[in-house]
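Asks: File input.csv follows (CSV, C-alpha atoms and all ligand atoms):
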chain,number,residue,atom,x,y,z
L,669,MET,CA,-177.9,97.8,-129.8
L,670,TYR,CA,-181.7,97.9,-130.0
L,671,GLY,CA,-183.1,98.9,-133.3
L,672,LEU,CA,-184.5,102.0,-131.7
L,673,ILE,CA,-181.0,103.6,-131.7
L,674,ASN,CA,-180.4,102.8,-135.4
L,675,MET,CA,-183.9,104.1,-136.2
L,676,ALA,CA,-183.1,107.4,-134.6
L,677,ILE,CA,-179.7,107.7,-136.5
L,678,ARG,CA,-181.7,107.0,-139.7
L,679,GLN,CA,-184.2,109.7,-138.9
L,680,LEU,CA,-181.4,112.2,-138.0
L,681,VAL,CA,-179.8,111.6,-141.4
L,682,ILE,CA,-183.2,111.9,-143.2
L,683,ASP,CA,-184.0,115.2,-141.3
L,684,GLY,CA,-180.8,116.7,-142.4
L,685,HIS,CA,-180.1,115.2,-145.8
L,686,GLY,CA,-183.4,113.7,-147.0
L,687,ALA,CA,-184.2,110.1,-148.2
L,688,GLU,CA,-181.3,110.4,-150.7
L,689,GLY,CA,-178.8,111.2,-147.9
L,690,TRP,CA,-180.0,108.1,-146.0
L,691,GLN,CA,-179.6,105.9,-149.2
L,692,THR,CA,-176.0,107.2,-149.5
L,693,VAL,CA,-175.2,106.6,-145.8
L,694,LYS,CA,-176.8,103.2,-145.9
L,695,ASN,CA,-175.0,102.1,-149.1
L,696,LYS,CA,-171.6,103.4,-147.8
L,697,ALA,CA,-172.2,101.3,-144.6
L,698,SER,CA,-173.1,98.3,-146.9
L,699,LEU,CA,-176.4,97.8,-145.1
L,700,ASN,CA,-179.4,96.0,-146.7
L,701,GLU,CA,-181.9,97.2,-144.1
L,702,ASP,CA,-183.8,100.2,-145.2
L,703,ASN,CA,-185.2,100.5,-141.7
L,704,PHE,CA,-184.8,98.8,-138.3
L,705,GLU,CA,-187.2,97.1,-135.9
L,706,LEU,CA,-187.6,98.8,-132.6
L,707,LEU,CA,-187.3,95.7,-130.5
L,708,THR,CA,-184.7,93.7,-132.4
L,709,VAL,CA,-181.2,93.7,-131.1
L,710,TYR,CA,-178.7,94.5,-133.9
L,711,ASP,CA,-174.9,94.0,-133.8
L,712,ASP,CA,-173.2,97.1,-132.4
L,713,ALA,CA,-171.0,97.1,-135.5
L,714,ILE,CA,-174.1,98.3,-137.5
L,715,THR,CA,-174.4,101.4,-135.3
L,716,TYR,CA,-170.7,102.1,-135.6
L,717,LYS,CA,-170.8,101.7,-139.4
L,718,LEU,CA,-173.7,104.1,-139.6
L,719,VAL,CA,-171.8,106.7,-137.6
L,720,LYS,CA,-168.7,106.2,-139.8
L,721,SER,CA,-170.5,106.5,-143.1
L,722,ALA,CA,-172.6,109.5,-141.8
L,723,SER,CA,-169.2,111.1,-141.0
L,724,GLU,CA,-167.9,110.4,-144.5
L,725,VAL,CA,-171.1,111.7,-146.2
L,726,THR,CA,-171.3,114.9,-144.1
L,727,GLY,CA,-167.6,115.7,-143.7
L,728,LYS,CA,-168.1,115.9,-139.9
L,729,THR,CA,-165.9,113.8,-137.7
L,730,ALA,CA,-167.4,110.7,-136.1
L,731,ASP,CA,-167.2,112.4,-132.7
L,732,GLU,CA,-169.2,115.3,-134.1
L,733,ILE,CA,-171.8,112.9,-135.5
L,734,LEU,CA,-172.0,111.2,-132.1
L,735,HIS,CA,-172.5,114.5,-130.3
L,736,LEU,CA,-175.2,115.6,-132.8
L,737,PHE,CA,-176.9,112.2,-132.3
L,738,GLY,CA,-176.8,112.6,-128.5
L,739,MET,CA,-178.5,116.0,-128.9
L,740,TYR,CA,-181.0,114.6,-131.3
L,741,TRP,CA,-181.8,111.5,-129.2
L,742,VAL,CA,-183.6,113.3,-126.3
L,743,GLY,CA,-186.2,114.9,-128.7
L,744,TYR,CA,-186.5,111.7,-130.7
L,745,ALA,CA,-187.1,109.5,-127.6
L,746,SER,CA,-189.6,112.0,-126.3
L,747,LYS,CA,-191.6,111.9,-129.6
L,748,ALA,CA,-191.2,108.2,-130.0
L,749,GLY,CA,-193.3,107.7,-126.8
L,750,TYR,CA,-190.8,107.9,-124.0
L,751,GLU,CA,-191.7,111.4,-122.8
L,752,PRO,CA,-193.6,109.9,-119.8
L,753,LEU,CA,-190.4,108.0,-118.8
L,754,LEU,CA,-188.3,111.2,-119.1
L,755,LYS,CA,-190.9,113.0,-117.0
L,756,LEU,CA,-191.2,110.3,-114.4
L,757,PHE,CA,-187.5,109.9,-113.8
L,758,GLY,CA,-186.6,113.6,-114.3
L,759,PRO,CA,-188.7,116.1,-112.3
L,760,ASN,CA,-185.6,118.4,-112.5
L,761,PHE,CA,-182.2,118.2,-114.1
L,762,LYS,CA,-180.3,116.9,-111.1
L,763,GLU,CA,-182.8,114.1,-110.4
L,764,CYS,CA,-182.8,113.2,-114.0
L,765,LEU,CA,-179.0,112.8,-113.9
L,766,ALA,CA,-179.3,110.8,-110.7
L,767,ASN,CA,-182.0,108.6,-112.2
L,768,LEU,CA,-180.4,107.7,-115.5
L,769,ASN,CA,-179.6,104.2,-114.4
L,770,ARG,CA,-183.1,103.6,-113.0
L,771,MET,CA,-184.6,104.9,-116.3
L,772,HIS,CA,-182.5,102.5,-118.3
L,773,GLU,CA,-183.3,99.7,-115.9
L,774,HIS,CA,-187.0,100.4,-116.5
L,775,MET,CA,-186.3,100.1,-120.2
L,776,GLY,CA,-184.5,96.9,-119.6
L,777,ALA,CA,-187.7,95.3,-118.3
L,778,MET,CA,-189.2,95.7,-121.8
L,779,MET,CA,-185.9,95.2,-123.6
L,780,PRO,CA,-184.2,92.1,-122.1
L,781,GLY,CA,-181.0,92.4,-124.2
L,782,LEU,CA,-180.4,96.0,-123.2
L,783,ILE,CA,-176.8,96.8,-122.2
L,784,PRO,CA,-177.2,100.3,-120.9
L,785,PRO,CA,-174.4,102.6,-119.7
L,786,GLU,CA,-174.0,103.5,-116.1
L,787,PHE,CA,-174.0,107.0,-114.7
L,788,GLU,CA,-173.1,108.3,-111.3
L,789,ILE,CA,-173.0,111.8,-109.9
L,790,SER,CA,-169.5,111.3,-108.4
L,791,LYS,CA,-169.1,114.8,-107.0
L,792,GLU,CA,-171.5,117.6,-106.2
L,793,VAL,CA,-169.3,120.7,-106.2
L,794,THR,CA,-172.3,123.2,-105.9
L,795,ASP,CA,-176.0,123.1,-106.8
L,796,THR,CA,-175.0,123.9,-110.4
L,797,GLU,CA,-171.7,122.0,-110.8
L,798,PHE,CA,-171.3,118.3,-110.8
L,799,GLU,CA,-168.9,115.6,-111.8
L,800,ILE,CA,-170.5,112.7,-113.6
L,801,LEU,CA,-169.1,109.3,-114.1
L,802,TYR,CA,-170.0,107.5,-117.3
L,803,LYS,CA,-169.3,103.8,-117.6
L,804,SER,CA,-170.0,101.9,-120.8
L,805,GLN,CA,-169.3,98.5,-122.2
L,806,ARG,CA,-168.9,100.1,-125.6
L,807,LEU,CA,-166.0,102.0,-127.0
L,808,GLY,CA,-165.8,105.7,-128.0
L,809,LEU,CA,-169.4,106.9,-127.2
L,810,SER,CA,-168.5,109.7,-124.8
L,811,PRO,CA,-169.1,112.4,-127.4
L,812,MET,CA,-172.7,111.1,-127.6
L,813,VAL,CA,-173.0,111.6,-123.8
L,814,SER,CA,-172.0,115.2,-124.0
L,815,GLY,CA,-174.7,115.8,-126.6
L,816,LEU,CA,-177.2,113.9,-124.5
L,817,LEU,CA,-176.4,116.0,-121.4
L,818,GLU,CA,-176.6,119.2,-123.4
L,819,ALA,CA,-180.0,118.4,-124.8
L,820,LEU,CA,-181.2,117.1,-121.4
L,821,ALA,CA,-180.2,120.4,-119.7
L,822,GLN,CA,-182.1,122.3,-122.4
L,823,ARG,CA,-185.3,120.4,-121.5
L,824,TYR,CA,-185.0,122.1,-118.1
L,825,GLY,CA,-184.4,125.5,-119.5
L,826,ILE,CA,-180.6,125.4,-118.9
L,827,SER,CA,-179.1,126.9,-122.0
L,828,ASP,CA,-175.6,127.8,-120.7
L,829,ILE,CA,-174.4,124.4,-119.6
L,830,LYS,CA,-170.6,123.7,-120.0
L,831,ILE,CA,-169.7,120.1,-120.4
L,832,GLU,CA,-166.1,119.1,-120.2
L,833,LYS,CA,-164.6,115.6,-120.2
L,834,ILE,CA,-162.1,115.8,-117.3
L,835,GLN,CA,-160.8,112.2,-117.2
L,836,ASP,CA,-160.7,109.2,-119.4
L,837,LEU,CA,-160.9,106.0,-117.3
L,838,ASP,CA,-160.5,103.8,-120.3
L,839,GLU,CA,-161.7,103.8,-123.9
L,840,ALA,CA,-165.3,103.3,-122.9
L,841,SER,CA,-165.6,105.2,-119.6
L,842,CYS,CA,-164.9,108.7,-118.5
L,843,ARG,CA,-165.7,111.5,-116.1
L,844,PHE,CA,-167.4,114.8,-117.1
L,845,LYS,CA,-167.7,118.1,-115.3
L,846,VAL,CA,-171.0,119.9,-115.9
L,847,LYS,CA,-171.6,123.4,-114.9
L,848,TRP,CA,-174.3,126.0,-115.5
L,849,SER,CA,-175.5,129.2,-113.9
D,901,LIG,C1,-186.4,108.0,-122.4
D,901,LIG,C2,-185.3,108.2,-122.9
D,901,LIG,C3,-184.3,107.1,-123.2
D,901,LIG,C4,-184.5,105.9,-123.7
D,901,LIG,C5,-185.8,105.3,-124.2
D,901,LIG,C6,-183.2,105.2,-123.8
D,901,LIG,C7,-183.0,104.0,-124.3
D,901,LIG,C8,-181.7,103.5,-124.7
D,901,LIG,C9,-181.5,102.3,-125.5
D,901,LIG,C10,-182.6,101.4,-126.1
D,901,LIG,C11,-180.2,102.2,-125.6
D,901,LIG,C12,-179.4,101.1,-126.4
D,901,LIG,C13,-178.7,100.2,-125.5
D,901,LIG,C14,-178.8,98.7,-126.0
D,901,LIG,O1,-179.5,98.4,-127.0
D,901,LIG,O2,-178.0,97.9,-125.5
D,901,LIG,C15,-179.5,103.3,-125.0
D,901,LIG,C16,-178.2,103.6,-124.9
D,901,LIG,C17,-177.6,104.7,-124.4
D,901,LIG,N1,-178.2,105.6,-123.6
D,901,LIG,FE1,-180.2,105.8,-123.3
D,901,LIG,N2,-182.2,106.1,-123.3
D,901,LIG,C18,-182.9,107.3,-122.9
D,901,LIG,C19,-182.3,108.4,-122.4
D,901,LIG,C20,-180.9,108.5,-122.2
D,901,LIG,C21,-180.3,109.7,-121.6
D,901,LIG,C22,-181.1,110.9,-121.1
D,901,LIG,C23,-179.0,109.4,-121.5
D,901,LIG,C24,-177.9,110.3,-121.0
D,901,LIG,C25,-177.9,111.4,-120.5
D,901,LIG,C26,-178.8,108.2,-122.1
D,901,LIG,C27,-177.5,107.6,-122.3
D,901,LIG,C28,-177.3,106.5,-123.2
D,901,LIG,C29,-176.0,106.2,-123.8
D,901,LIG,C30,-174.7,107.0,-123.6
D,901,LIG,C31,-176.2,105.0,-124.5
D,901,LIG,C32,-175.2,104.3,-125.4
D,901,LIG,C33,-174.8,103.0,-124.9
D,901,LIG,C34,-173.5,103.0,-124.1
D,901,LIG,O3,-173.1,104.1,-123.7
D,901,LIG,O4,-173.0,101.9,-123.8
D,901,LIG,N3,-180.0,107.6,-122.5
D,901,LIG,N4,-180.5,104.1,-124.4
Could you write out this file's structure as structure tokens?
Replies:
Amino acid sequence: MYGLINMAIRQLVIDGHGAEGWQTVKNKASLNEDNFELLTVYDDAITYKLVKSASEVTGKTADEILHLFGMYWVGYASKAGYEPLLKLFGPNFKECLANLNRMHEHMGAMMPGLIPPEFEISKEVTDTEFEILYKSQRLGLSPMVSGLLEALAQRYGISDIKIEKIQDLDEASCRFKVKWS
């Protein structure tokens, strides 16, 4: 994945556990890099290793780390210069959900090796209840998606969102139900 993702994981660890915490996570993951380059594509294995060692260091499960990371990512991306993109593609929560593919496509123009996930609002039950299809080429990242959706909802003042995985399509893709009042 692009270095931007690993940079954000690094910052999440530093925010919670300081530079020492990052050294421990980095050493456990047997990484030499102290930081990552934004526009370099790194092997996905590095990201998975970082999640695994962050889980060992904090005692949280890998799924909990991924969820936390998803929540952290929205604020991180906003501060890292992508706020205009979030605003452009997300005038409100529903449009933001509907535009996630377009937003990543836009990123893809600057990041040619990008392999983004695909999202689809597969069912609109009411104005405040949707089913969302998440399709990825990577395994096991759905807990990150629930964190992302929760943080995204918060951007629009929605604090009572319930996110439930209702169907696994395979190890990489699934369907969520999101509901708020
Ligand atoms: C402006 C904000 C955002 C930027 C700049 C951004 C950019 C990226 C980048 C660079 C990657 C790594 C993909 C690769 O290197 O191949 C990625 C992955 C991902 N993005 Fe975004 N993204 C943003 C917002 C979001 C939002 C709001 C969601 C979902 C609600 C989302 C869902 C994901 C997921 C789940 C992945 C992991 C890869 C996978 O599932 O296969 N992103 N994004």
Asks: Go through L:Gly727, L:Gly684, L:Gly815, L:Pro759 one by one, measure the shortest atom-to-atom distance of each to ligand LIG 901 (chain D) using all atoms listed in the file, and give the residue with the smallest value.
Replies: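 Answer, going by the shortest atom-to-atom distance: L:Gly815.
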Asks: To check your reading of the model: which residues sit at most 7 Å from ligand LIG 901 (chain D) when counting only C-alpha atoms and all ligand atoms? Write the answer as a PyMOL selection string.
Replies: chain L and resi 669-670+672-673+709+742+745-746+750-751+753-754+765+768+772+775+781-785+804-806+809-810+812-813+816-817+820
Asks: Calculated over all atoms listed in the file, which of the candidates L:His735, L:Leu707, L:Lys755, L:Thr796 has the smallest distance to L:Ser814?
Replies: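 Smallest distance to L:Ser814 is found for L:His735.
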Asks: Nearest to L:Cys764: which of L:Phe787, L:Trp690, L:Tyr802, L:Tyr744 is it, counting only C-alpha atoms?
Replies: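 Selected residue with least distance to L:Cys764: L:Phe787.
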Asks: So, counting all atoms listed in the file, which residue among L:Ser721, L:His774, L:Ile677, L:Ile831 is closest to L:Asn695?
Replies: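 Of L:Ser721, L:His774, L:Ile677, L:Ile831, the one nearest L:Asn695, counting all atoms listed in the file, is L:Ser721.
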Asks: Could you tell me how far atom CA of L:Ser790 sits from atom CA of L:Met771, in Å to one decimal place?
Replies: 18.2 Å
Asks: Using only C-alpha atoms, which residues sit within 12 Å of L:Thr726 once same-chain residues fewer than 2 positions away are excluded, as a list of chain:residue names?
Replies: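 Skipping anything fewer than 2 positions along the chain leaves L:Val681, L:Gly684, L:His685, L:Gly689, L:Trp690, L:Thr692, L:Val693, L:Leu718, L:Val719, L:Lys720, L:Ser721, L:Ala722, L:Ser723, L:Glu724, L:Lys728, L:Thr729, L:Ala730, L:Glu732, L:Ile733, L:Leu736.
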Asks: Work out how far apart atom CA of L:Lys845 and atom CA of L:Lys830 are and give it in Å to one decimal.
Replies: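 Between atom CA of L:Lys845 and atom CA of L:Lys830 the gap is 7.9 Å.
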Asks: For atom CA of L:Phe798 and atom CA of L:Pro811, quote the distance in Å rounded to one decimal.
Replies: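 Those two atoms sit 17.8 Å apart.
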Asks: Around the point (-167.5, 112.5, -118.8), in the coordinates given by the file, pick out the residues reaching within 8 Å, counting all atoms listed in the file, and return them as JSON, numbers by chain.
Replies: {"L": [799, 800, 801, 802, 810, 813, 814, 832, 833, 834, 835, 836, 841, 842, 843, 844, 845]}
Asks: Given only C-alpha atoms as the basis, pick out the residue of L:Ser827, L:Ile789, L:Asn674, L:Ala687 nearest to L:Trp741.
Replies: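 That would be L:Asn674, the residue with the smallest distance to L:Trp741.
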Asks: Which is closest to L:Leu807 among L:Ala821, L:Leu706, L:Ala713, L:Val725, if we use only C-alpha atoms?
Replies: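 The closest residue to L:Leu807 is L:Ala713.
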